[in-house]
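Novice: Contents are compact mmCIF, C-alpha atoms (C1' of nucleotides) and all ligand atoms; file name start-v2.txt:
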```
# COMPACT_ATOMS: atom_id res chain seq x y z
CA MET B 1 -2.41 -35.61 23.50
CA THR B 2 -2.14 -36.70 19.91
CA GLU B 3 0.71 -35.99 17.52
CA ILE B 4 -1.22 -33.20 15.84
CA GLU B 5 -2.12 -31.58 19.13
CA LYS B 6 1.54 -31.60 20.05
CA THR B 7 2.48 -30.01 16.74
CA LEU B 8 -0.03 -27.20 17.16
CA ASP B 9 0.98 -26.71 20.76
CA ASN B 10 4.62 -26.45 19.78
CA LYS B 11 3.74 -23.56 17.51
CA SER B 12 1.64 -21.96 20.26
CA VAL B 13 -1.63 -22.58 18.49
CA ARG B 14 -4.43 -23.82 20.70
CA PRO B 15 -5.49 -27.19 19.36
CA THR B 16 -9.22 -26.75 18.99
CA ALA B 17 -11.46 -29.33 17.36
CA MET B 18 -11.79 -27.38 14.14
CA ARG B 19 -8.06 -26.73 13.87
CA ILE B 20 -7.24 -30.37 14.33
CA LEU B 21 -9.73 -31.29 11.62
CA ILE B 22 -8.24 -28.78 9.23
CA TYR B 23 -4.72 -29.92 10.00
CA LYS B 24 -5.69 -33.54 9.48
CA PHE B 25 -7.37 -32.72 6.19
CA MET B 26 -4.31 -30.92 4.89
CA ALA B 27 -1.98 -33.62 6.11
CA GLY B 28 -3.96 -36.20 4.16
CA LYS B 29 -3.66 -34.25 0.92
CA GLN B 30 -0.66 -34.56 -1.38
CA ASN B 31 -1.39 -31.20 -2.93
CA ALA B 32 -1.94 -27.66 -1.77
CA VAL B 33 -5.53 -26.75 -0.96
CA ALA B 34 -7.67 -23.67 -1.41
CA LEU B 35 -9.94 -22.38 1.28
CA THR B 36 -12.88 -23.55 -0.80
CA ASP B 37 -11.47 -27.05 -0.93
CA ILE B 38 -11.57 -27.28 2.84
CA GLU B 39 -14.99 -25.69 2.94
CA ASN B 40 -16.34 -28.33 0.57
CA ALA B 41 -14.70 -31.14 2.48
CA PHE B 42 -16.75 -30.49 5.60
CA GLU B 43 -20.46 -29.92 5.65
CA LYS B 44 -20.38 -27.87 8.82
CA ALA B 45 -17.55 -25.49 8.01
CA GLU B 46 -17.69 -21.72 8.18
CA ARG B 47 -15.60 -19.94 5.58
CA THR B 48 -14.59 -17.31 8.09
CA THR B 49 -13.30 -19.83 10.59
CA LEU B 50 -11.29 -21.56 7.90
CA TYR B 51 -9.98 -18.24 6.67
CA ARG B 52 -8.81 -17.18 10.11
CA THR B 53 -7.49 -20.61 10.95
CA LEU B 54 -5.34 -20.62 7.84
CA LYS B 55 -4.14 -17.13 8.67
CA THR B 56 -3.20 -18.20 12.16
CA PHE B 57 -1.52 -21.31 10.84
CA GLU B 58 0.46 -19.19 8.43
CA GLU B 59 1.55 -16.68 11.03
CA LYS B 60 2.70 -19.47 13.29
CA GLY B 61 4.60 -21.25 10.54
CA ILE B 62 2.31 -24.25 10.32
CA VAL B 63 1.29 -23.70 6.72
CA HIS B 64 2.58 -21.52 3.93
CA GLN B 65 0.52 -19.70 1.39
CA ILE B 66 1.13 -20.48 -2.26
CA ASP B 67 0.38 -18.28 -5.18
CA ASP B 68 0.26 -20.60 -8.15
CA GLY B 69 -0.95 -18.12 -10.74
CA THR B 70 -4.60 -19.08 -10.60
CA ASN B 71 -5.36 -16.03 -8.46
CA ILE B 72 -6.71 -18.37 -5.82
CA SER B 73 -4.57 -18.71 -2.73
CA LYS B 74 -3.48 -22.22 -1.90
CA PHE B 75 -2.07 -23.52 1.36
CA ALA B 76 0.16 -26.42 2.26
CA LEU B 77 1.58 -27.71 5.50
CA CYS B 78 5.15 -26.69 6.11
CA GLN B 79 7.57 -29.57 6.09
CA PRO B 80 9.56 -30.37 9.25
CA GLY B 81 12.71 -28.72 7.96
CA CYS B 82 10.97 -25.76 6.32
CA ASN B 83 11.68 -22.42 7.94
CA CYS B 84 9.01 -20.46 6.19
CA GLU B 85 8.95 -17.67 8.76
CA ILE B 86 12.64 -17.04 9.10
CA ASP B 87 14.64 -17.05 5.90
CA GLN B 88 11.86 -18.39 3.70
CA ASP B 89 12.14 -21.88 2.51
CA LEU B 90 12.34 -21.02 -1.14
CA HIS B 91 11.20 -24.25 -2.66
CA LEU B 92 9.31 -24.10 -5.89
CA HIS B 93 5.76 -25.09 -6.71
CA PHE B 94 4.25 -26.91 -9.60
CA HIS B 95 0.80 -26.29 -10.98
CA CYS B 96 -0.72 -28.90 -13.26
CA GLY B 97 -2.90 -27.47 -15.99
CA GLN B 98 -4.74 -30.76 -16.36
CA CYS B 99 -5.82 -31.76 -12.86
CA ASP B 100 -5.43 -28.19 -11.62
CA LYS B 101 -3.51 -29.39 -8.59
CA THR B 102 -0.62 -27.51 -7.06
CA VAL B 103 2.15 -29.33 -5.27
CA CYS B 104 5.21 -28.33 -3.27
CA LEU B 105 8.48 -29.49 -4.73
CA THR B 106 10.18 -29.18 -1.40
CA GLU B 107 13.49 -30.56 -2.59
CA HIS B 108 13.79 -28.06 -5.43
CA LYS B 109 14.97 -24.70 -4.23
CA ILE B 110 14.73 -21.48 -6.18
CA PRO B 111 18.18 -20.64 -7.55
CA HIS B 112 19.78 -17.39 -6.56
CA ILE B 113 19.09 -14.57 -9.02
CA ASN B 114 21.31 -11.58 -9.67
CA LEU B 115 19.22 -8.44 -9.74
CA PRO B 116 20.00 -5.06 -11.30
CA ALA B 117 21.64 -2.47 -9.06
CA GLY B 118 19.27 -0.98 -6.52
CA TYR B 119 16.95 -3.93 -6.31
CA ILE B 120 16.79 -5.70 -2.96
CA ALA B 121 15.32 -9.21 -2.89
CA GLU B 122 13.41 -10.26 0.19
CA ASP B 123 11.29 -13.10 -1.08
CA ALA B 124 10.77 -15.11 -4.21
CA ASN B 125 8.07 -17.18 -5.80
CA LEU B 126 8.68 -19.66 -8.57
CA VAL B 127 5.85 -21.63 -10.10
CA ILE B 128 6.31 -24.09 -12.91
CA LYS B 129 3.18 -24.85 -14.90
CA GLY B 130 2.71 -27.96 -16.94
CA ILE B 131 1.66 -31.58 -16.51
CA CYS B 132 2.23 -33.34 -13.21
CA ASP B 133 3.48 -36.88 -12.80
CA SER B 134 -0.02 -38.22 -12.15
CA CYS B 135 -1.38 -36.73 -15.35
CA SER B 136 1.56 -37.57 -17.60
CA ASP B 137 1.74 -41.29 -18.45
CA HIS B 138 5.19 -41.63 -17.02
CA MET P 139 -1.07 5.74 -39.72
CA THR P 140 0.86 6.21 -36.51
CA GLU P 141 3.46 3.89 -35.09
CA ILE P 142 0.99 2.44 -32.59
CA GLU P 143 -1.63 1.83 -35.24
CA LYS P 144 0.96 -0.03 -37.27
CA THR P 145 1.91 -2.14 -34.25
CA LEU P 146 -1.70 -3.12 -33.60
CA ASP P 147 -2.32 -3.78 -37.26
CA ASN P 148 0.72 -6.04 -37.44
CA LYS P 149 -0.81 -8.18 -34.72
CA SER P 150 -4.19 -8.16 -36.50
CA VAL P 151 -5.86 -6.04 -33.86
CA ARG P 152 -8.09 -3.31 -35.18
CA PRO P 153 -6.67 -0.01 -33.96
CA THR P 154 -9.72 1.58 -32.40
CA ALA P 155 -9.57 4.82 -30.43
CA MET P 156 -9.86 3.07 -27.09
CA ARG P 157 -7.23 0.50 -27.93
CA ILE P 158 -4.77 3.14 -29.01
CA LEU P 159 -5.37 5.03 -25.78
CA ILE P 160 -4.80 1.92 -23.71
CA TYR P 161 -1.68 1.06 -25.64
CA LYS P 162 -0.33 4.58 -25.22
CA PHE P 163 -1.06 4.51 -21.52
CA MET P 164 0.78 1.26 -21.03
CA ALA P 165 3.68 2.38 -23.20
CA GLY P 166 4.11 5.44 -21.00
CA LYS P 167 4.31 3.39 -17.82
CA GLN P 168 7.54 1.86 -16.61
CA ASN P 169 5.67 -0.71 -14.57
CA ALA P 170 2.99 -3.29 -15.14
CA VAL P 171 -0.58 -2.06 -14.72
CA ALA P 172 -3.75 -3.56 -13.32
CA LEU P 173 -7.08 -3.22 -15.04
CA THR P 174 -8.11 -0.83 -12.28
CA ASP P 175 -5.09 1.36 -12.96
CA ILE P 176 -6.23 1.91 -16.51
CA GLU P 177 -9.80 2.43 -15.39
CA ASN P 178 -8.70 5.18 -13.01
CA ALA P 179 -6.50 6.81 -15.61
CA PHE P 180 -9.43 7.63 -17.86
CA GLU P 181 -12.68 9.17 -16.75
CA LYS P 182 -14.66 7.66 -19.56
CA ALA P 183 -13.51 4.05 -19.40
CA GLU P 184 -15.69 0.99 -19.13
CA ARG P 185 -14.20 -1.84 -17.11
CA THR P 186 -15.59 -4.41 -19.52
CA THR P 187 -14.02 -2.79 -22.52
CA LEU P 188 -10.67 -2.63 -20.77
CA TYR P 189 -11.05 -6.21 -19.68
CA ARG P 190 -11.77 -7.45 -23.16
CA THR P 191 -9.15 -5.22 -24.73
CA LEU P 192 -6.48 -6.62 -22.45
CA LYS P 193 -7.66 -10.13 -23.23
CA THR P 194 -7.45 -9.43 -26.96
CA PHE P 195 -4.04 -7.83 -26.54
CA GLU P 196 -2.85 -10.87 -24.65
CA GLU P 197 -4.16 -13.35 -27.20
CA LYS P 198 -2.47 -11.43 -29.98
CA GLY P 199 0.83 -11.17 -28.13
CA ILE P 200 0.72 -7.45 -27.54
CA VAL P 201 0.76 -7.65 -23.76
CA HIS P 202 1.51 -10.40 -21.29
CA GLN P 203 -0.30 -11.04 -18.06
CA ILE P 204 1.72 -11.01 -14.88
CA ASP P 205 0.86 -12.69 -11.65
CA ASP P 206 2.93 -10.93 -9.04
CA GLY P 207 1.45 -12.55 -5.97
CA THR P 208 -0.94 -9.76 -5.10
CA ASN P 209 -3.85 -11.73 -6.56
CA ILE P 210 -4.47 -8.84 -8.90
CA SER P 211 -3.56 -9.47 -12.52
CA LYS P 212 -1.09 -7.03 -13.99
CA PHE P 213 -0.31 -6.44 -17.63
CA ALA P 214 2.70 -5.14 -19.47
CA LEU P 215 3.51 -4.55 -23.11
CA CYS P 216 5.58 -7.25 -24.69
CA GLN P 217 9.02 -6.10 -25.71
CA PRO P 218 10.03 -6.25 -29.39
CA GLY P 219 12.07 -9.41 -28.96
CA CYS P 220 9.63 -11.10 -26.58
CA ASN P 221 7.93 -14.16 -28.00
CA CYS P 222 5.31 -14.53 -25.33
CA GLU P 223 3.00 -16.64 -27.45
CA ILE P 224 5.48 -19.09 -28.88
CA ASP P 225 8.07 -20.41 -26.45
CA GLN P 226 7.26 -17.96 -23.66
CA ASP P 227 9.72 -15.26 -22.96
CA LEU P 228 10.55 -16.40 -19.48
CA HIS P 229 11.83 -13.21 -18.00
CA LEU P 230 11.26 -12.61 -14.33
CA HIS P 231 9.22 -9.96 -12.58
CA PHE P 232 9.91 -7.87 -9.55
CA HIS P 233 7.28 -6.68 -7.12
CA CYS P 234 8.19 -3.86 -4.75
CA GLY P 235 6.56 -4.13 -1.36
CA GLN P 236 6.97 -0.42 -0.76
CA CYS P 237 5.57 1.31 -3.84
CA ASP P 238 3.59 -1.80 -4.79
CA LYS P 239 4.81 -1.56 -8.38
CA THR P 240 5.59 -4.56 -10.51
CA VAL P 241 8.18 -4.35 -13.25
CA CYS P 242 9.44 -6.64 -15.98
CA LEU P 243 13.10 -7.53 -15.72
CA THR P 244 13.25 -8.40 -19.36
CA GLU P 245 16.96 -9.08 -19.40
CA HIS P 246 16.76 -11.59 -16.54
CA LYS P 247 15.56 -14.96 -17.74
CA ILE P 248 14.26 -17.72 -15.50
CA PRO P 249 16.97 -20.36 -15.18
CA HIS P 250 16.21 -23.87 -16.32
CA ILE P 251 14.92 -26.09 -13.53
CA ASN P 252 15.28 -29.85 -13.35
CA LEU P 253 11.97 -31.40 -12.35
CA PRO P 254 11.27 -34.81 -10.83
CA ALA P 255 10.47 -37.63 -13.22
CA GLY P 256 7.03 -37.39 -14.77
CA TYR P 257 6.71 -33.65 -14.51
CA ILE P 258 6.51 -31.76 -17.79
CA ALA P 259 7.18 -28.03 -17.71
CA GLU P 260 5.29 -25.84 -20.11
CA ASP P 261 5.53 -22.45 -18.51
CA ALA P 262 7.15 -20.78 -15.56
CA ASN P 263 6.59 -17.74 -13.42
CA LEU P 264 9.24 -16.24 -11.19
CA VAL P 265 8.50 -13.21 -9.07
CA ILE P 266 11.05 -11.61 -6.80
CA LYS P 267 9.61 -9.49 -4.01
CA GLY P 268 11.53 -6.80 -2.23
CA ILE P 269 12.49 -3.15 -2.67
CA CYS P 270 12.84 -1.69 -6.13
CA ASP P 271 15.59 0.66 -7.25
CA SER P 272 13.35 3.71 -6.92
CA CYS P 273 12.46 2.90 -3.32
CA SER P 274 15.92 1.84 -2.17
CA ASP P 275 18.32 4.77 -1.78
CA HIS P 276 20.73 3.31 -4.28
C1' DA K 277 -18.30 -19.53 40.10
C1' DG K 278 -16.70 -15.31 37.65
C1' DA K 279 -13.55 -12.71 34.77
C1' DG K 280 -11.04 -12.60 30.85
C1' DT K 281 -9.01 -14.20 26.62
C1' DG K 282 -9.34 -16.28 22.46
C1' DG K 283 -12.16 -18.98 19.00
C1' DT K 284 -16.33 -19.45 16.26
C1' DG K 285 -20.64 -18.30 13.67
C1' DC K 286 -23.35 -15.11 11.18
C1' DA K 287 -23.99 -11.27 8.34
C1' DA K 288 -22.48 -8.12 5.48
C1' DC K 289 -19.19 -5.84 2.34
C1' DA K 290 -15.34 -5.04 -1.15
C1' DG K 291 -13.07 -5.95 -5.19
C1' DA K 292 -11.87 -8.59 -9.20
C1' DA K 293 -13.36 -11.35 -12.75
C1' DG K 294 -16.53 -12.78 -15.98
C1' DT K 295 -21.07 -13.06 -19.09
C1' DG K 296 -25.34 -11.73 -21.87
C1' DC K 297 -27.33 -8.59 -24.59
C1' DA K 298 -28.43 -4.26 -26.78
C1' DT K 299 -26.25 -0.52 -29.13
C1' DT K 300 -22.67 1.85 -31.47
C1' DT K 301 -18.67 2.00 -34.45
C1' DA K 302 -16.00 1.18 -38.32
C1' DA K 303 -14.50 -1.64 -42.41
C1' DT K 304 -16.33 -3.24 -46.84
C1' DG K 305 -18.77 -3.58 -51.18
C1' DG K 306 -21.96 -1.69 -54.32
C1' DC S 307 -21.49 8.05 -50.74
C1' DC S 308 -24.72 4.94 -48.57
C1' DA S 309 -26.16 0.31 -47.04
C1' DT S 310 -24.63 -3.92 -45.08
C1' DT S 311 -22.40 -6.40 -41.62
C1' DA S 312 -19.09 -7.88 -38.30
C1' DA S 313 -16.56 -6.28 -34.64
C1' DA S 314 -16.20 -3.33 -30.61
C1' DT S 315 -18.27 -1.06 -26.85
C1' DG S 316 -21.47 0.08 -22.91
C1' DC S 317 -24.51 -1.41 -19.38
C1' DA S 318 -26.41 -4.46 -16.16
C1' DC S 319 -25.84 -8.19 -13.64
C1' DT S 320 -23.66 -12.36 -11.53
C1' DT S 321 -20.15 -15.09 -9.25
C1' DC S 322 -16.36 -15.91 -6.40
C1' DT S 323 -12.64 -14.87 -3.21
C1' DG S 324 -11.22 -12.43 0.37
C1' DT S 325 -12.15 -9.56 4.43
C1' DT S 326 -14.21 -7.32 8.57
C1' DG S 327 -17.48 -6.33 12.59
C1' DC S 328 -19.88 -7.99 16.11
C1' DA S 329 -22.16 -11.09 19.10
C1' DC S 330 -21.80 -15.39 21.26
C1' DC S 331 -19.40 -19.47 23.00
C1' DA S 332 -15.47 -22.24 25.12
C1' DC S 333 -11.78 -22.66 27.72
C1' DT S 334 -8.47 -21.26 31.34
C1' DC S 335 -7.08 -19.24 35.53
C1' DT S 336 -7.86 -17.29 39.88
MN MN X 1 5.22 -25.22 -0.71
MN MN X 2 7.03 -9.04 -18.09
ZN ZN X 3 -2.00 -33.16 -12.87
ZN ZN X 4 9.32 0.45 -5.11
```
Output the file's structure in the form of structure tokens.
Ligand SMILES: [Mn+2]
Ligand SMILES: [Mn+2]
Ligand SMILES: [Zn+2]
Ligand SMILES: [Zn+2]

Specialist:
Amino acid sequence: MTEIEKTLDNKSVRPTAMRILIYKFMAGKQNAVALTDIENAFEKAERTTLYRTLKTFEEKGIVHQIDDGTNISKFALCQPGCNCEIDQDLHLHFHCGQCDKTVCLTEHKIPHINLPAGYIAEDANLVIKGICDSCSDH
Amino acid sequence: MTEIEKTLDNKSVRPTAMRILIYKFMAGKQNAVALTDIENAFEKAERTTLYRTLKTFEEKGIVHQIDDGTNISKFALCQPGCNCEIDQDLHLHFHCGQCDKTVCLTEHKIPHINLPAGYIAEDANLVIKGICDSCSDH
DNA sequence: AGAGTGGTGCAACAGAAGTGCATTTAATGG
DNA sequence: CCATTAAATGCACTTCTGTTGCACCACTCT
């Protein structure tokens, strides 16, 4: 049993061939991926399978969905310490307008916001747009 | 020349009948609207016209586009003091999971975030999800 | 081996976003 | 006021993402 199989098993997700491939693909990427990205990465991939796999992964806390403002859902593996299911790991995301990549800034949490009376916060999404470190000549 | 016509004229947008109607509709709403919302509000509305009108409005700083995480673009009129075009009026938005309405919290600005080295911020989007004041029994 | 559960593949659909082009509308100049 | 002309609109069509139904396949458990 490989490391990935163990990870999936821990989250009660049956480690099928396809799921392991998808997990591996996402683990190898530094940035969040869209469903289409995965689809293009494999010749023999069904969009539906990917779609449902990502949904399963999300429900089981293996990946989290990211809305980076492009109106295309992105997904990224949850980090070891990230409790996405429970109290939401409210880290922020960065979307680069140049390379169009979206990355998790896991260390940077969303600050607490005071809302007007009557408003109850349950979740938050903060996306910074700009130029990423790869695209800026830093 | 009505107040609305003056507003459009100030932003160098020709105040056509349709544009005035759309502007009025948005001004009467307390929440951000989707293109479909406007389409449904008028019997005789072409989606394309609405689409291009909103785009024009956005380019001229009359409305700003809001990405509230539903993957459906919402639009809201810019407030008098809001400089959406220039240095981005970084107020936050609230999306209610119950009534599905999205509102501008114009008074609540997005706090400054320190990014890792190499990252250059140009824009930011912060959406809080939860229960709005109308839906909570405040 | 057979039953049963869950995963996958295929087809089809829904909805939003976007484009090309013909036609209408409205501002402008004579 | 009418003709000219550019902008705005209406219509048809396309693309892309997301989503569902259903049949088939794979694995597990008895
Ligand atoms: Mn993330
Ligand atoms: Mn707003
Ligand atoms: Zn970049
Ligand atoms: Zn509400």

Novice: What does the structure give for the distance between CA of Pro80 in chain B and CA of Ala262 in chain P, in Å to one decimal?

Specialist: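 Answer for the CA of Pro80 in chain B to CA of Ala262 in chain P separation: 26.7 Å.
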
Novice: For a quick test of understanding: name the residues of chain B lying within 10 Å of chain P when counting all atoms listed in the file, and present them as a ChimeraX atom specification.

Specialist: /B:66-73,92-97,105,107-138

Novice: Considering all atoms listed in the file, can you say which of K:DA292, K:DG305, K:DT281, K:DT300 comes closest to chain P?

Specialist: K:DA292

Novice: For ligand MN 2 (chain X), return the neighbouring residues as a ChimeraX atom specification (distance at most 8 Å; all atoms listed in the file).

Specialist: /P:170,202-204,213-216,229-231,241-244

Novice: Report as a list in words all protein, DNA and RNA residues lying within 12 Å of DT320 in chain S, evaluated on all atoms listed in the file, omitting residues in the same chain fewer than 4 positions from it.

Specialist: DA293, DG294, DT295 and DG296 of chain K

Novice: Please, can I see chain B fitted onto chain P by all in-order Cα atoms (least squares), as a short mmCIF file (atom, residue, chain, number, x, y, z; two decimals) with C-alpha atoms, keeping the file's coordinate frame?

Specialist:
```
data_model
loop_
_atom_site.label_atom_id
_atom_site.label_comp_id
_atom_site.auth_asym_id
_atom_site.auth_seq_id
_atom_site.Cartn_x
_atom_site.Cartn_y
_atom_site.Cartn_z
CA MET B 1 -1.09 5.81 -39.69
CA THR B 2 0.83 6.28 -36.49
CA GLU B 3 3.44 3.96 -35.04
CA ILE B 4 0.97 2.50 -32.57
CA GLU B 5 -1.63 1.89 -35.25
CA LYS B 6 0.98 0.04 -37.25
CA THR B 7 1.92 -2.08 -34.25
CA LEU B 8 -1.68 -3.08 -33.59
CA ASP B 9 -2.27 -3.72 -37.26
CA ASN B 10 0.76 -5.96 -37.43
CA LYS B 11 -0.75 -8.12 -34.73
CA SER B 12 -4.11 -8.11 -36.52
CA VAL B 13 -5.81 -6.00 -33.90
CA ARG B 14 -8.05 -3.28 -35.25
CA PRO B 15 -6.68 0.01 -33.99
CA THR B 16 -9.74 1.59 -32.44
CA ALA B 17 -9.63 4.82 -30.46
CA MET B 18 -9.91 3.08 -27.12
CA ARG B 19 -7.23 0.52 -27.96
CA ILE B 20 -4.80 3.19 -29.01
CA LEU B 21 -5.43 5.06 -25.76
CA ILE B 22 -4.83 1.95 -23.71
CA TYR B 23 -1.70 1.10 -25.64
CA LYS B 24 -0.38 4.62 -25.21
CA PHE B 25 -1.11 4.54 -21.50
CA MET B 26 0.76 1.29 -21.04
CA ALA B 27 3.64 2.42 -23.18
CA GLY B 28 4.06 5.49 -20.98
CA LYS B 29 4.28 3.41 -17.81
CA GLN B 30 7.52 1.87 -16.59
CA ASN B 31 5.65 -0.70 -14.57
CA ALA B 32 2.98 -3.29 -15.14
CA VAL B 33 -0.58 -2.07 -14.71
CA ALA B 34 -3.76 -3.57 -13.32
CA LEU B 35 -7.08 -3.22 -15.03
CA THR B 36 -8.12 -0.84 -12.27
CA ASP B 37 -5.12 1.34 -12.93
CA ILE B 38 -6.25 1.91 -16.49
CA GLU B 39 -9.82 2.40 -15.37
CA ASN B 40 -8.75 5.14 -12.98
CA ALA B 41 -6.56 6.80 -15.57
CA PHE B 42 -9.50 7.61 -17.82
CA GLU B 43 -12.74 9.11 -16.67
CA LYS B 44 -14.76 7.61 -19.49
CA ALA B 45 -13.53 4.03 -19.36
CA GLU B 46 -15.69 0.94 -19.10
CA ARG B 47 -14.18 -1.89 -17.11
CA THR B 48 -15.56 -4.43 -19.53
CA THR B 49 -13.99 -2.78 -22.55
CA LEU B 50 -10.65 -2.62 -20.80
CA TYR B 51 -10.99 -6.22 -19.71
CA ARG B 52 -11.71 -7.44 -23.22
CA THR B 53 -9.11 -5.19 -24.76
CA LEU B 54 -6.44 -6.59 -22.48
CA LYS B 55 -7.60 -10.09 -23.29
CA THR B 56 -7.39 -9.40 -26.99
CA PHE B 57 -4.00 -7.78 -26.57
CA GLU B 58 -2.81 -10.83 -24.69
CA GLU B 59 -4.09 -13.30 -27.24
CA LYS B 60 -2.42 -11.37 -30.01
CA GLY B 61 0.89 -11.12 -28.17
CA ILE B 62 0.74 -7.39 -27.55
CA VAL B 63 0.77 -7.62 -23.78
CA HIS B 64 1.51 -10.38 -21.32
CA GLN B 65 -0.29 -11.03 -18.10
CA ILE B 66 1.75 -11.01 -14.92
CA ASP B 67 0.91 -12.71 -11.70
CA ASP B 68 2.97 -10.95 -9.09
CA GLY B 69 1.51 -12.62 -6.02
CA THR B 70 -0.90 -9.85 -5.12
CA ASN B 71 -3.78 -11.83 -6.60
CA ILE B 72 -4.43 -8.92 -8.92
CA SER B 73 -3.53 -9.51 -12.53
CA LYS B 74 -1.07 -7.06 -14.00
CA PHE B 75 -0.29 -6.44 -17.65
CA ALA B 76 2.72 -5.11 -19.48
CA LEU B 77 3.51 -4.50 -23.11
CA CYS B 78 5.59 -7.21 -24.69
CA GLN B 79 9.03 -6.07 -25.71
CA PRO B 80 10.03 -6.19 -29.39
CA GLY B 81 12.04 -9.36 -28.98
CA CYS B 82 9.62 -11.07 -26.60
CA ASN B 83 7.90 -14.12 -28.02
CA CYS B 84 5.30 -14.50 -25.34
CA GLU B 85 2.97 -16.60 -27.48
CA ILE B 86 5.44 -19.07 -28.87
CA ASP B 87 8.03 -20.40 -26.47
CA GLN B 88 7.23 -17.98 -23.66
CA ASP B 89 9.68 -15.29 -22.97
CA LEU B 90 10.52 -16.43 -19.49
CA HIS B 91 11.81 -13.23 -18.02
CA LEU B 92 11.25 -12.63 -14.37
CA HIS B 93 9.24 -9.97 -12.59
CA PHE B 94 9.91 -7.88 -9.58
CA HIS B 95 7.30 -6.69 -7.14
CA CYS B 96 8.20 -3.87 -4.78
CA GLY B 97 6.58 -4.15 -1.38
CA GLN B 98 6.99 -0.43 -0.79
CA CYS B 99 5.57 1.28 -3.86
CA ASP B 100 3.60 -1.82 -4.80
CA LYS B 101 4.80 -1.58 -8.38
CA THR B 102 5.60 -4.57 -10.53
CA VAL B 103 8.19 -4.36 -13.26
CA CYS B 104 9.44 -6.66 -16.00
CA LEU B 105 13.09 -7.55 -15.75
CA THR B 106 13.22 -8.43 -19.39
CA GLU B 107 16.94 -9.13 -19.42
CA HIS B 108 16.74 -11.64 -16.58
CA LYS B 109 15.51 -14.99 -17.75
CA ILE B 110 14.23 -17.74 -15.51
CA PRO B 111 16.93 -20.40 -15.19
CA HIS B 112 16.16 -23.91 -16.30
CA ILE B 113 14.89 -26.13 -13.48
CA ASN B 114 15.26 -29.88 -13.26
CA LEU B 115 11.97 -31.42 -12.23
CA PRO B 116 11.28 -34.82 -10.66
CA ALA B 117 10.50 -37.68 -13.03
CA GLY B 118 7.05 -37.46 -14.55
CA TYR B 119 6.72 -33.72 -14.33
CA ILE B 120 6.48 -31.86 -17.62
CA ALA B 121 7.16 -28.11 -17.58
CA GLU B 122 5.25 -25.95 -20.01
CA ASP B 123 5.48 -22.54 -18.44
CA ALA B 124 7.11 -20.83 -15.52
CA ASN B 125 6.58 -17.79 -13.38
CA LEU B 126 9.24 -16.26 -11.20
CA VAL B 127 8.53 -13.22 -9.07
CA ILE B 128 11.08 -11.64 -6.80
CA LYS B 129 9.64 -9.50 -4.03
CA GLY B 130 11.56 -6.81 -2.26
CA ILE B 131 12.51 -3.16 -2.70
CA CYS B 132 12.86 -1.70 -6.18
CA ASP B 133 15.59 0.65 -7.30
CA SER B 134 13.34 3.70 -6.97
CA CYS B 135 12.48 2.89 -3.37
CA SER B 136 15.95 1.84 -2.24
CA ASP B 137 18.33 4.81 -1.86
CA HIS B 138 20.78 3.38 -4.31
#
```

Novice: Could you tell me how far CA of Arg152 in chain P lies from CA of Val201 in chain P, in Å and to one decimal?

Specialist: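 The value is 15.1 Å.
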
Novice: Give me the residues near DC286 in chain K as a list of chain:residue names, where near means some atom within 12 Å (using all atoms listed in the file) and where sequence neighbours in that chain fewer than 2 positions away do not count.

Specialist: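 Residues meeting the cut-off are B:Glu46, B:Arg47, B:Thr48, B:Thr49, K:DT284, K:DA288, S:DG327, S:DC328, S:DA329, S:DC330.
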
Novice: For CA of Ala34 in chain B and CA of Lys74 in chain B, quote the distance in Å rounded to one decimal.

Specialist: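 Going from CA of Ala34 in chain B over to CA of Lys74 in chain B covers 4.5 Å.
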
Novice: Please determine, counting all atoms listed in the file, which residue among B:Thr7, B:Gln30, B:Thr36, B:Ser12 has the shortest atom-to-atom distance to chain S.

Specialist: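 Ranked by minimum distance to chain S, first place goes to B:Thr36.
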
Novice: Which residue, B:Ile4, B:Leu54, B:Val13, B:Ala45, has the smallest gap to Ala27 in chain B when you use all atoms listed in the file?

Specialist: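 Among the listed residues, B:Ile4 lies closest to Ala27 in chain B.
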
Novice: Which one is closest to chain S: P:Gln217, P:Gln236, P:Thr154, P:Asn169? Count only C-alpha atoms (C1' of nucleotides).

Specialist: P:Thr154

Novice: For chain S, which residues have at least one atom within 10 Å of chain P, if we go by only C-alpha atoms (C1' of nucleotides)? Write them as a ChimeraX atom specification, please.

Specialist: /S:313-317,323

Novice: Which residue out of B:Met26, B:Ile38, B:Cys82, B:Ala17 has the minimum interatomic distance to ligand MN 1 (chain X) when all atoms listed in the file are used?

Specialist: B:Cys82

Novice: Between P:Glu141, P:Lys167, P:Leu173, P:Leu159, which has the minimum distance to chain K (counting all atoms listed in the file)?

Specialist: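 Counting all atoms listed in the file, the residue closest to chain K is P:Leu173.
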
Novice: Need the shell around DT336 in chain S: protein/DNA/RNA residues with any atom at most 12 Å away, counting all atoms listed in the file. Skip same-chain ones fewer than 3 positions apart. Format as number ranges by chain?

Specialist: K: 277-280
